file entry-v6.cif (mmCIF, C-alpha atoms)
data_model
#
loop_
_atom_site.label_atom_id
_atom_site.label_comp_id
_atom_site.auth_asym_id
_atom_site.auth_seq_id
_atom_site.Cartn_x
_atom_site.Cartn_y
_atom_site.Cartn_z
CA MET A 1 -18.65 -19.86 17.61
CA ASN A 2 -21.54 -18.86 15.36
CA LEU A 3 -20.24 -17.38 12.09
CA SER A 4 -22.73 -16.22 9.50
CA THR A 5 -22.03 -15.82 5.77
CA SER A 6 -22.00 -12.07 6.36
CA ASP A 7 -19.31 -12.44 9.06
CA VAL A 8 -17.14 -14.70 6.88
CA LEU A 9 -17.36 -12.35 3.89
CA LEU A 10 -16.61 -9.27 5.99
CA LEU A 11 -13.64 -10.87 7.74
CA ALA A 12 -12.33 -12.24 4.42
CA HIS A 13 -12.70 -8.77 2.88
CA ALA A 14 -10.68 -7.12 5.66
CA GLY A 15 -8.19 -10.02 5.72
CA PHE A 16 -7.55 -9.87 1.98
CA GLY A 17 -7.19 -6.09 2.24
CA VAL A 18 -4.58 -6.31 5.00
CA MET A 19 -2.72 -9.07 3.15
CA GLY A 20 -2.74 -6.91 0.00
CA CYS A 21 -1.30 -3.95 1.91
CA LEU A 22 1.39 -6.15 3.46
CA ALA A 23 2.27 -7.63 0.06
CA ALA A 24 2.54 -4.09 -1.37
CA LEU A 25 4.78 -3.14 1.57
CA TRP A 26 6.89 -6.20 0.74
CA VAL A 27 7.23 -4.94 -2.86
CA LEU A 28 8.16 -1.49 -1.55
CA VAL A 29 10.95 -2.80 0.68
CA GLU A 30 12.29 -5.26 -1.90
CA GLY A 31 11.98 -2.58 -4.59
CA LEU A 32 14.14 -0.17 -2.60
CA ASN A 33 16.80 -2.91 -2.53
CA ALA A 34 16.17 -4.25 -6.04
CA ARG A 35 18.86 -6.51 -7.48
CA SER A 36 18.82 -9.50 -9.81
CA GLY A 37 18.54 -11.89 -6.83
CA ASN A 38 15.20 -10.57 -5.56
CA ALA A 39 13.48 -9.92 -8.91
CA THR A 40 11.37 -13.08 -8.62
CA ARG A 41 10.33 -12.19 -5.06
CA ILE A 42 9.28 -8.70 -6.18
CA ARG A 43 7.17 -10.09 -9.03
CA THR A 44 5.63 -12.72 -6.73
CA ALA A 45 4.76 -10.13 -4.09
CA ALA A 46 3.33 -7.81 -6.76
CA LEU A 47 1.12 -10.63 -8.07
CA LEU A 48 0.09 -11.47 -4.50
CA THR A 49 -0.91 -7.83 -4.01
CA ALA A 50 -3.18 -7.97 -7.06
CA VAL A 51 -4.71 -11.33 -6.08
CA CYS A 52 -5.38 -10.19 -2.50
CA MET A 53 -7.00 -6.93 -3.65
CA ALA A 54 -9.15 -8.88 -6.12
CA GLY A 55 -10.22 -11.12 -3.22
CA ALA A 56 -10.99 -8.06 -1.08
CA TRP A 57 -13.03 -6.61 -3.98
CA ILE A 58 -15.09 -9.78 -4.52
CA CYS A 59 -15.75 -10.51 -0.81
CA GLY A 60 -16.33 -6.86 0.13
CA GLY A 61 -18.43 -6.20 -2.96
CA TYR A 62 -20.72 -9.16 -2.33
CA TRP A 63 -21.11 -8.17 1.33
CA TYR A 64 -21.72 -4.52 0.46
CA VAL A 65 -24.42 -5.30 -2.10
CA HIS A 66 -26.20 -8.08 -0.16
CA PHE A 67 -25.63 -7.45 3.56
CA TYR A 68 -24.82 -3.77 4.06
CA PRO A 69 -28.25 -2.10 3.43
CA PRO A 70 -29.73 -2.93 6.90
CA GLU A 71 -26.47 -1.89 8.57
CA LYS A 72 -26.51 1.37 6.59
CA ALA A 73 -30.04 2.12 7.83
CA LEU A 74 -28.90 1.38 11.38
CA ILE A 75 -25.85 3.66 11.10
CA LEU A 76 -27.90 6.52 9.62
CA LYS A 77 -30.29 6.39 12.60
CA GLY A 78 -27.43 6.20 15.11
CA PRO A 79 -25.15 8.80 16.72
CA TRP A 80 -22.53 8.54 13.93
CA PRO A 81 -24.41 8.92 10.59
CA TYR A 82 -21.19 10.21 9.01
CA ALA A 83 -19.77 6.69 9.43
CA HIS A 84 -21.82 5.99 6.30
CA ASN A 85 -22.24 9.44 4.71
CA VAL A 86 -18.55 10.28 4.76
CA PHE A 87 -16.51 7.17 5.54
CA MET A 88 -18.41 4.43 3.66
CA GLU A 89 -19.10 6.67 0.67
CA THR A 90 -15.41 7.58 0.47
CA LYS A 91 -14.20 4.03 1.18
CA GLU A 92 -16.36 2.33 -1.42
CA HIS A 93 -14.92 4.58 -4.14
CA LEU A 94 -11.37 4.98 -2.82
CA PHE A 95 -11.09 1.19 -2.83
CA PHE A 96 -11.26 1.24 -6.63
CA VAL A 97 -8.14 3.45 -6.67
CA THR A 98 -6.29 0.93 -4.50
CA ALA A 99 -7.49 -1.97 -6.66
CA ILE A 100 -6.47 -0.35 -9.96
CA LEU A 101 -3.01 0.38 -8.51
CA ALA A 102 -2.80 -3.24 -7.30
CA PHE A 103 -3.56 -4.51 -10.81
CA LEU A 104 -0.95 -2.13 -12.24
CA LEU A 105 1.79 -3.31 -9.86
CA PRO A 106 2.50 -6.74 -11.45
CA ILE A 107 2.75 -5.08 -14.88
CA ALA A 108 5.27 -2.50 -13.65
CA ALA A 109 7.18 -5.15 -11.64
CA ARG A 110 8.01 -6.97 -14.90
CA GLU A 111 10.60 -4.22 -15.62
CA LYS A 112 14.26 -4.90 -14.84
CA LEU A 113 14.31 -3.03 -11.56
CA ASP A 114 17.94 -3.80 -10.69
CA SER A 115 19.20 -1.90 -13.75
CA ASN A 116 16.42 0.63 -14.33
CA ALA A 117 16.25 3.33 -11.65
CA ALA A 118 13.21 4.96 -13.21
CA ALA A 119 11.24 1.72 -13.20
CA ARG A 120 12.37 1.10 -9.62
CA LYS A 121 11.02 4.51 -8.55
CA LEU A 122 7.76 3.79 -10.36
CA VAL A 123 7.26 0.41 -8.67
CA VAL A 124 8.15 1.79 -5.23
CA SER A 125 5.75 4.71 -5.80
CA ILE A 126 2.89 2.42 -6.85
CA ALA A 127 3.50 0.15 -3.85
CA ALA A 128 3.59 3.15 -1.49
CA LEU A 129 0.31 4.48 -2.95
CA ILE A 130 -1.32 1.07 -2.42
CA VAL A 131 -0.16 0.98 1.22
CA ILE A 132 -1.37 4.54 1.90
CA THR A 133 -4.77 4.25 0.20
CA GLY A 134 -5.21 0.68 1.44
CA LEU A 135 -4.62 1.67 5.07
CA ALA A 136 -7.01 4.61 4.65
CA VAL A 137 -9.67 2.19 3.40
CA GLU A 138 -8.98 -0.20 6.30
CA GLY A 139 -9.25 2.68 8.78
CA ALA A 140 -12.54 3.79 7.25
CA GLY A 141 -13.81 0.23 7.66
CA ALA A 142 -13.05 0.38 11.38
CA ILE A 143 -14.97 3.67 11.72
CA ILE A 144 -17.98 2.23 9.82
CA ASN A 145 -17.92 -0.81 12.10
CA HIS A 146 -17.86 1.45 15.17
CA GLY A 147 -20.69 3.53 13.72
CA ALA A 148 -22.83 0.39 13.53
CA LYS A 149 -21.75 -0.72 17.00
CA ILE A 150 -22.67 2.52 18.75
CA ALA A 151 -25.93 2.70 16.78
CA LEU A 152 -26.82 -0.73 18.22
CA ALA A 153 -25.72 0.39 21.67
CA ALA A 154 -27.90 3.52 21.39
CA GLN A 155 -30.87 1.34 20.48
CA ASN A 156 -30.18 -0.93 23.44
CA PRO A 157 -28.86 1.35 26.19
CA LYS A 158 -29.06 -1.39 28.83
CA GLY A 159 -26.65 -3.54 26.84
CA ALA A 160 -29.19 -6.09 25.62
CA LEU A 161 -27.80 -6.33 22.10
CA PRO A 162 -29.87 -8.41 19.70
CA MET B 1 23.06 0.11 -8.02
CA ASN B 2 25.12 1.15 -11.02
CA SER B 3 24.02 4.47 -12.45
CA ALA B 4 25.80 3.73 -15.72
CA THR B 5 23.31 0.96 -16.41
CA ASP B 6 20.30 2.99 -15.33
CA THR B 7 17.87 3.89 -18.08
CA PRO B 8 14.75 6.06 -17.88
CA LYS B 9 12.89 3.87 -20.40
CA LEU B 10 9.87 1.77 -19.56
CA SER B 11 8.31 -0.93 -21.68
CA ALA B 12 5.36 0.06 -23.87
CA ALA B 13 3.01 -2.01 -21.69
CA THR B 14 4.18 -0.38 -18.44
CA SER B 15 3.96 3.14 -19.90
CA GLY B 16 0.53 2.43 -21.36
CA PHE B 17 -0.96 0.92 -18.23
CA VAL B 18 0.51 3.61 -15.92
CA LEU B 19 -1.18 6.26 -18.05
CA ALA B 20 -4.37 4.16 -18.11
CA ALA B 21 -4.32 3.90 -14.30
CA ALA B 22 -3.91 7.68 -13.96
CA VAL B 23 -6.89 8.32 -16.24
CA THR B 24 -8.99 5.59 -14.59
CA VAL B 25 -8.57 6.87 -11.02
CA LEU B 26 -9.62 10.36 -12.15
CA PHE B 27 -12.58 8.90 -14.05
CA ASN B 28 -13.51 6.94 -10.90
CA THR B 29 -13.74 10.13 -8.84
CA ALA B 30 -15.60 12.01 -11.58
CA LEU B 31 -18.16 9.18 -11.86
CA ALA B 32 -18.57 9.10 -8.06
CA TRP B 33 -19.30 12.85 -8.08
CA ALA B 34 -21.65 12.59 -11.05
CA LYS B 35 -23.78 9.72 -9.71
CA ASP B 36 -23.94 11.34 -6.26
CA ALA B 37 -25.09 14.65 -7.75
CA TYR B 38 -27.41 13.26 -10.44
CA ALA B 39 -29.75 10.50 -9.24
CA PRO B 40 -30.85 9.35 -12.75
CA LEU B 41 -27.23 8.38 -13.48
CA ASN B 42 -27.15 6.38 -10.25
CA ASP B 43 -30.36 4.64 -11.32
CA LEU B 44 -28.92 3.93 -14.77
CA LEU B 45 -25.81 2.32 -13.26
CA LYS B 46 -28.04 0.29 -10.95
CA SER B 47 -30.10 -0.97 -13.89
CA ILE B 48 -27.02 -2.24 -15.72
CA ALA B 49 -25.48 -4.61 -13.13
CA GLY B 50 -28.03 -4.60 -10.30
CA HIS B 51 -26.16 -2.12 -8.09
CA HIS B 52 -24.56 1.23 -8.92
CA TRP B 53 -21.32 0.24 -7.15
CA THR B 54 -20.98 -2.99 -9.13
CA THR B 55 -21.40 -1.17 -12.45
CA HIS B 56 -19.03 1.56 -11.29
CA GLY B 57 -16.31 -0.98 -10.49
CA LEU B 58 -16.79 -2.86 -13.75
CA ALA B 59 -16.61 0.43 -15.68
CA ASP B 60 -13.32 1.28 -13.93
CA LEU B 61 -11.90 -2.14 -14.68
CA PHE B 62 -12.99 -2.05 -18.32
CA LEU B 63 -11.58 1.47 -18.78
CA PHE B 64 -8.25 0.50 -17.19
CA VAL B 65 -7.80 -2.54 -19.46
CA ALA B 66 -9.09 -0.84 -22.63
CA LEU B 67 -7.01 2.31 -22.14
CA GLY B 68 -3.99 0.24 -21.12
CA LEU B 69 -4.13 -1.74 -24.36
CA PHE B 70 -4.73 1.45 -26.36
CA PHE B 71 -1.93 3.44 -24.72
CA THR B 72 0.46 0.48 -25.10
CA LYS B 73 0.24 0.99 -28.85
CA TRP B 74 0.09 4.81 -28.65
CA GLU B 75 3.50 6.33 -29.41
CA SER B 76 2.87 9.52 -27.45
CA ALA B 77 2.51 7.52 -24.23
CA GLN B 78 5.74 5.69 -24.95
CA ARG B 79 7.57 8.97 -25.51
CA MET B 80 6.75 10.20 -22.00
CA SER B 81 9.68 9.77 -19.62
CA ALA B 82 9.38 7.32 -16.75
CA GLY B 83 9.79 10.12 -14.22
CA ARG B 84 6.98 12.09 -15.78
CA LEU B 85 4.68 9.06 -15.88
CA THR B 86 5.41 8.41 -12.19
CA GLY B 87 4.64 12.05 -11.38
CA VAL B 88 1.41 11.95 -13.40
CA LEU B 89 0.29 8.79 -11.57
CA ILE B 90 1.07 10.19 -8.11
CA ALA B 91 -0.67 13.48 -8.92
CA ALA B 92 -3.72 11.66 -10.32
CA VAL B 93 -4.03 9.39 -7.28
CA ALA B 94 -3.61 12.32 -4.87
CA ALA B 95 -6.18 14.44 -6.73
CA ALA B 96 -8.64 11.56 -7.09
CA SER B 97 -8.37 10.56 -3.41
CA LEU B 98 -8.61 14.10 -2.11
CA GLY B 99 -11.51 14.71 -4.47
CA LEU B 100 -13.45 11.81 -2.98
CA VAL B 101 -12.73 12.77 0.64
CA LEU B 102 -13.63 16.44 0.19
CA TRP B 103 -16.77 15.66 -1.84
CA PHE B 104 -18.27 13.25 0.67
CA ALA B 105 -17.15 15.30 3.69
CA PHE B 106 -18.38 18.72 2.55
CA VAL B 107 -20.72 18.52 -0.45
#

call {"tool": "encode", "arguments": {"input": "entry-v6.cif", "output": "structure tokens"}}
result
Amino acid sequence: MNLSTSDVLLLAHAGFGVMGCLAALWVLVEGLNARSGNATRIRTAALLTAVCMAGAWICGGYWYVHFYPPEKALILKGPWPYAHNVFMETKEHLFFVTAILAFLLPIAAREKLDSNAAARKLVVSIAALIVITGLAVEGAGAIINHGAKIALAAQNPKGALP
Amino acid sequence: MNSATDTPKLSAATSGFVLAAAVTVLFNTALAWAKDAYAPLNDLLKSIAGHHWTTHGLADLFLFVALGLFFTKWESAQRMSAGRLTGVLIAAVAAASLGLVLWFAFV
């Protein structure tokens, strides 16, 4: 298997993103059933969400700045230019919303959720927003990837991919 | 869950940073619109950290932390009910997200 730095960064970016979404989902489920016994788990999962989203930011950001430009040019010349114009442009900015929410989650999770219904609703809401925006960002990533793939296929109609 | 022990209060830090997050996500969308519509701004952001996206992210992060610390000490933020803060955050995220999607899809 031949893995380049670009491949590792891109896979780590997507992997951290998925892990962050799953950790936020964990907070959501535990938050709906908040009691004194699962307070530590909620705070741990909230911290994990923030750490994973920070990892996704660093890996994805480095890849985007250093490796994406040639892929962008390829996508724009291909059959799906909107994979960049709409989906990448939206994704690269929507990700900041997900990240800010992920950094907010551990702060909100410090509240006593088992005895504070309002704080519980807040934490569950933040976790749900992370899952929704995070999955939207992941989905956009899949469309961008397909945009690059079909652009390569259009350049090499006989299947001789470089 | 015992409703008798439920309280709508949040800590000053939670209230402050929730409000900071709401403002930051709206700022994020406004900056995305502005740099897309006005190339010199994009160039300025690029000159600061080497890439417009890097500067944009750092600006968001700085704003979130700075406003969070400011709002934590701001009594008006602490007087807002938890339900209202939650509603403000959800509305801000929905508006910011929809604003990004519609801008890049149609403008």

call {"tool": "residues_around", "arguments": {"input": "entry-v6.cif", "residues": "segment 103-110 of chain A", "least_positions_apart": "5", "cutoff": "10 Å", "atoms": "all atoms listed in the file", "output": "PDB file with C-alpha atoms, in the frame of the given file"}}
result
ATOM      1  CA  ALA A  24       2.540  -4.090  -1.370  1.00  0.00           C
ATOM      2  CA  VAL A  27       7.230  -4.940  -2.860  1.00  0.00           C
ATOM      3  CA  GLY A  31      11.980  -2.580  -4.590  1.00  0.00           C
ATOM      4  CA  ALA A  39      13.480  -9.920  -8.910  1.00  0.00           C
ATOM      5  CA  THR A  40      11.370 -13.080  -8.620  1.00  0.00           C
ATOM      6  CA  ILE A  42       9.280  -8.700  -6.180  1.00  0.00           C
ATOM      7  CA  ARG A  43       7.170 -10.090  -9.030  1.00  0.00           C
ATOM      8  CA  THR A  44       5.630 -12.720  -6.730  1.00  0.00           C
ATOM      9  CA  ALA A  45       4.760 -10.130  -4.090  1.00  0.00           C
ATOM     10  CA  ALA A  46       3.330  -7.810  -6.760  1.00  0.00           C
ATOM     11  CA  LEU A  47       1.120 -10.630  -8.070  1.00  0.00           C
ATOM     12  CA  LEU A  48       0.090 -11.470  -4.500  1.00  0.00           C
ATOM     13  CA  THR A  49      -0.910  -7.830  -4.010  1.00  0.00           C
ATOM     14  CA  ALA A  50      -3.180  -7.970  -7.060  1.00  0.00           C
ATOM     15  CA  VAL A  51      -4.710 -11.330  -6.080  1.00  0.00           C
ATOM     16  CA  MET A  53      -7.000  -6.930  -3.650  1.00  0.00           C
ATOM     17  CA  ALA A  54      -9.150  -8.880  -6.120  1.00  0.00           C
ATOM     18  CA  THR A  98      -6.290   0.930  -4.500  1.00  0.00           C
ATOM     19  CA  ALA A 119      11.240   1.720 -13.200  1.00  0.00           C
ATOM     20  CA  ARG A 120      12.370   1.100  -9.620  1.00  0.00           C
ATOM     21  CA  LEU A 122       7.760   3.790 -10.360  1.00  0.00           C
ATOM     22  CA  VAL A 123       7.260   0.410  -8.670  1.00  0.00           C
ATOM     23  CA  VAL A 124       8.150   1.790  -5.230  1.00  0.00           C
ATOM     24  CA  SER A 125       5.750   4.710  -5.800  1.00  0.00           C
ATOM     25  CA  ILE A 126       2.890   2.420  -6.850  1.00  0.00           C
ATOM     26  CA  ALA A 127       3.500   0.150  -3.850  1.00  0.00           C
ATOM     27  CA  ILE A 130      -1.320   1.070  -2.420  1.00  0.00           C
TER      28      ILE A 130
ATOM     29  CA  LEU B  10       9.870   1.770 -19.560  1.00  0.00           C
ATOM     30  CA  SER B  11       8.310  -0.930 -21.680  1.00  0.00           C
ATOM     31  CA  ALA B  13       3.010  -2.010 -21.690  1.00  0.00           C
ATOM     32  CA  THR B  14       4.180  -0.380 -18.440  1.00  0.00           C
ATOM     33  CA  SER B  15       3.960   3.140 -19.900  1.00  0.00           C
ATOM     34  CA  PHE B  17      -0.960   0.920 -18.230  1.00  0.00           C
ATOM     35  CA  VAL B  18       0.510   3.610 -15.920  1.00  0.00           C
ATOM     36  CA  ALA B  20      -4.370   4.160 -18.110  1.00  0.00           C
ATOM     37  CA  ALA B  21      -4.320   3.900 -14.300  1.00  0.00           C
ATOM     38  CA  LEU B  61     -11.900  -2.140 -14.680  1.00  0.00           C
ATOM     39  CA  PHE B  64      -8.250   0.500 -17.190  1.00  0.00           C
ATOM     40  CA  VAL B  65      -7.800  -2.540 -19.460  1.00  0.00           C
ATOM     41  CA  GLY B  68      -3.990   0.240 -21.120  1.00  0.00           C
TER      42      GLY B  68
END

call {"tool": "resolve_selection", "arguments": {"input": "entry-v6.cif", "expression": "the PyMOL selection byres ((chain B) within 8 of (chain A))", "output": "CSV table (one decimal) with C-alpha atoms, keeping the file's coordinate frame"}}
result
chain,number,residue,atom,x,y,z
B,1,MET,CA,23.1,0.1,-8.0
B,2,ASN,CA,25.1,1.2,-11.0
B,3,SER,CA,24.0,4.5,-12.4
B,5,THR,CA,23.3,1.0,-16.4
B,6,ASP,CA,20.3,3.0,-15.3
B,7,THR,CA,17.9,3.9,-18.1
B,8,PRO,CA,14.8,6.1,-17.9
B,9,LYS,CA,12.9,3.9,-20.4
B,10,LEU,CA,9.9,1.8,-19.6
B,11,SER,CA,8.3,-0.9,-21.7
B,13,ALA,CA,3.0,-2.0,-21.7
B,14,THR,CA,4.2,-0.4,-18.4
B,17,PHE,CA,-1.0,0.9,-18.2
B,18,VAL,CA,0.5,3.6,-15.9
B,21,ALA,CA,-4.3,3.9,-14.3
B,24,THR,CA,-9.0,5.6,-14.6
B,25,VAL,CA,-8.6,6.9,-11.0
B,28,ASN,CA,-13.5,6.9,-10.9
B,29,THR,CA,-13.7,10.1,-8.8
B,32,ALA,CA,-18.6,9.1,-8.1
B,51,HIS,CA,-26.2,-2.1,-8.1
B,53,TRP,CA,-21.3,0.2,-7.2
B,54,THR,CA,-21.0,-3.0,-9.1
B,57,GLY,CA,-16.3,-1.0,-10.5
B,60,ASP,CA,-13.3,1.3,-13.9
B,61,LEU,CA,-11.9,-2.1,-14.7
B,64,PHE,CA,-8.2,0.5,-17.2
B,82,ALA,CA,9.4,7.3,-16.8
B,83,GLY,CA,9.8,10.1,-14.2
B,86,THR,CA,5.4,8.4,-12.2
B,90,ILE,CA,1.1,10.2,-8.1
B,93,VAL,CA,-4.0,9.4,-7.3
B,97,SER,CA,-8.4,10.6,-3.4
B,100,LEU,CA,-13.4,11.8,-3.0
B,101,VAL,CA,-12.7,12.8,0.6
B,104,PHE,CA,-18.3,13.2,0.7
B,105,ALA,CA,-17.2,15.3,3.7

call {"tool": "atom_distance", "arguments": {"input": "entry-v6.cif", "atom1": "atom CA of Gly134 of chain A", "atom2": "atom CA of Gly99 of chain B"}}
result
16.5 Å

call {"tool": "residues_around", "arguments": {"input": "entry-v6.cif", "residues": "Ala22 of chain B", "least_positions_apart": "3", "cutoff": "6 Å", "atoms": "all atoms listed in the file", "output": "VMD selection string"}}
result
chain B and resid 19 25 89 92

call {"tool": "atom_distance", "arguments": {"input": "entry-v6.cif", "atom1": "atom CA of Glu71 of chain A", "atom2": "atom CA of Leu22 of chain A"}}
result
28.6 Å

call {"tool": "resolve_selection", "arguments": {"input": "entry-v6.cif", "expression": "the PyMOL selection byres ((chain A and resi 18) around 10)", "output": "list in words"}}
result
Ala12, His13, Ala14, Gly15, Phe16, Gly17, Met19, Gly20, Cys21, Leu22, Ala23, Ala24, Thr49, Cys52, Met53, Ala56, Val131, Gly134, Leu135 and Glu138 of chain A

call {"tool": "write_last_selection", "arguments": {"input": "entry-v6.cif", "atoms": "C-alpha atoms", "output": "CSV table (one decimal), in the coordinates of the input"}}
result
chain,number,residue,atom,x,y,z
A,12,ALA,CA,-12.3,-12.2,4.4
A,13,HIS,CA,-12.7,-8.8,2.9
A,14,ALA,CA,-10.7,-7.1,5.7
A,15,GLY,CA,-8.2,-10.0,5.7
A,16,PHE,CA,-7.6,-9.9,2.0
A,17,GLY,CA,-7.2,-6.1,2.2
A,19,MET,CA,-2.7,-9.1,3.2
A,20,GLY,CA,-2.7,-6.9,0.0
A,21,CYS,CA,-1.3,-4.0,1.9
A,22,LEU,CA,1.4,-6.2,3.5
A,23,ALA,CA,2.3,-7.6,0.1
A,24,ALA,CA,2.5,-4.1,-1.4
A,49,THR,CA,-0.9,-7.8,-4.0
A,52,CYS,CA,-5.4,-10.2,-2.5
A,53,MET,CA,-7.0,-6.9,-3.6
A,56,ALA,CA,-11.0,-8.1,-1.1
A,131,VAL,CA,-0.2,1.0,1.2
A,134,GLY,CA,-5.2,0.7,1.4
A,135,LEU,CA,-4.6,1.7,5.1
A,138,GLU,CA,-9.0,-0.2,6.3

call {"tool": "atom_distance", "arguments": {"input": "entry-v6.cif", "atom1": "atom CA of Leu44 of chain B", "atom2": "atom CA of Ala94 of chain B"}}
result
28.4 Å

call {"tool": "decode", "arguments": {"input": "entry-v6.cif", "residues": "segment 55-66 of chain A", "atoms": "N, CA and C atoms", "output": "compact mmCIF listing (two decimals), in the first residue's frame"}}
result
# COMPACT_ATOMS: atom_id res chain seq x y z
N GLY A 55 -8.32 18.09 15.98
CA GLY A 55 -7.51 17.24 15.10
C GLY A 55 -7.97 17.33 13.65
N ALA A 56 -9.30 17.32 13.46
CA ALA A 56 -9.86 17.43 12.10
C ALA A 56 -9.48 18.79 11.49
N TRP A 57 -9.50 19.82 12.32
CA TRP A 57 -9.16 21.19 11.86
C TRP A 57 -7.69 21.23 11.41
N ILE A 58 -6.79 20.73 12.26
CA ILE A 58 -5.36 20.80 11.95
C ILE A 58 -5.01 19.97 10.70
N CYS A 59 -5.48 18.72 10.68
CA CYS A 59 -5.16 17.83 9.54
C CYS A 59 -5.81 18.35 8.25
N GLY A 60 -7.11 18.68 8.35
CA GLY A 60 -7.83 19.17 7.17
C GLY A 60 -7.30 20.51 6.70
N GLY A 61 -6.96 21.36 7.65
CA GLY A 61 -6.45 22.69 7.30
C GLY A 61 -5.11 22.60 6.58
N TYR A 62 -4.22 21.74 7.10
CA TYR A 62 -2.91 21.59 6.45
C TYR A 62 -3.08 21.02 5.05
N TRP A 63 -3.96 20.03 4.93
CA TRP A 63 -4.20 19.42 3.60
C TRP A 63 -4.81 20.45 2.66
N TYR A 64 -5.78 21.20 3.14
CA TYR A 64 -6.48 22.17 2.29
C TYR A 64 -5.52 23.23 1.75
N VAL A 65 -4.64 23.72 2.63
CA VAL A 65 -3.72 24.80 2.24
C VAL A 65 -2.61 24.28 1.32
N HIS A 66 -2.10 23.07 1.61
CA HIS A 66 -0.91 22.59 0.89
C HIS A 66 -1.19 21.61 -0.25
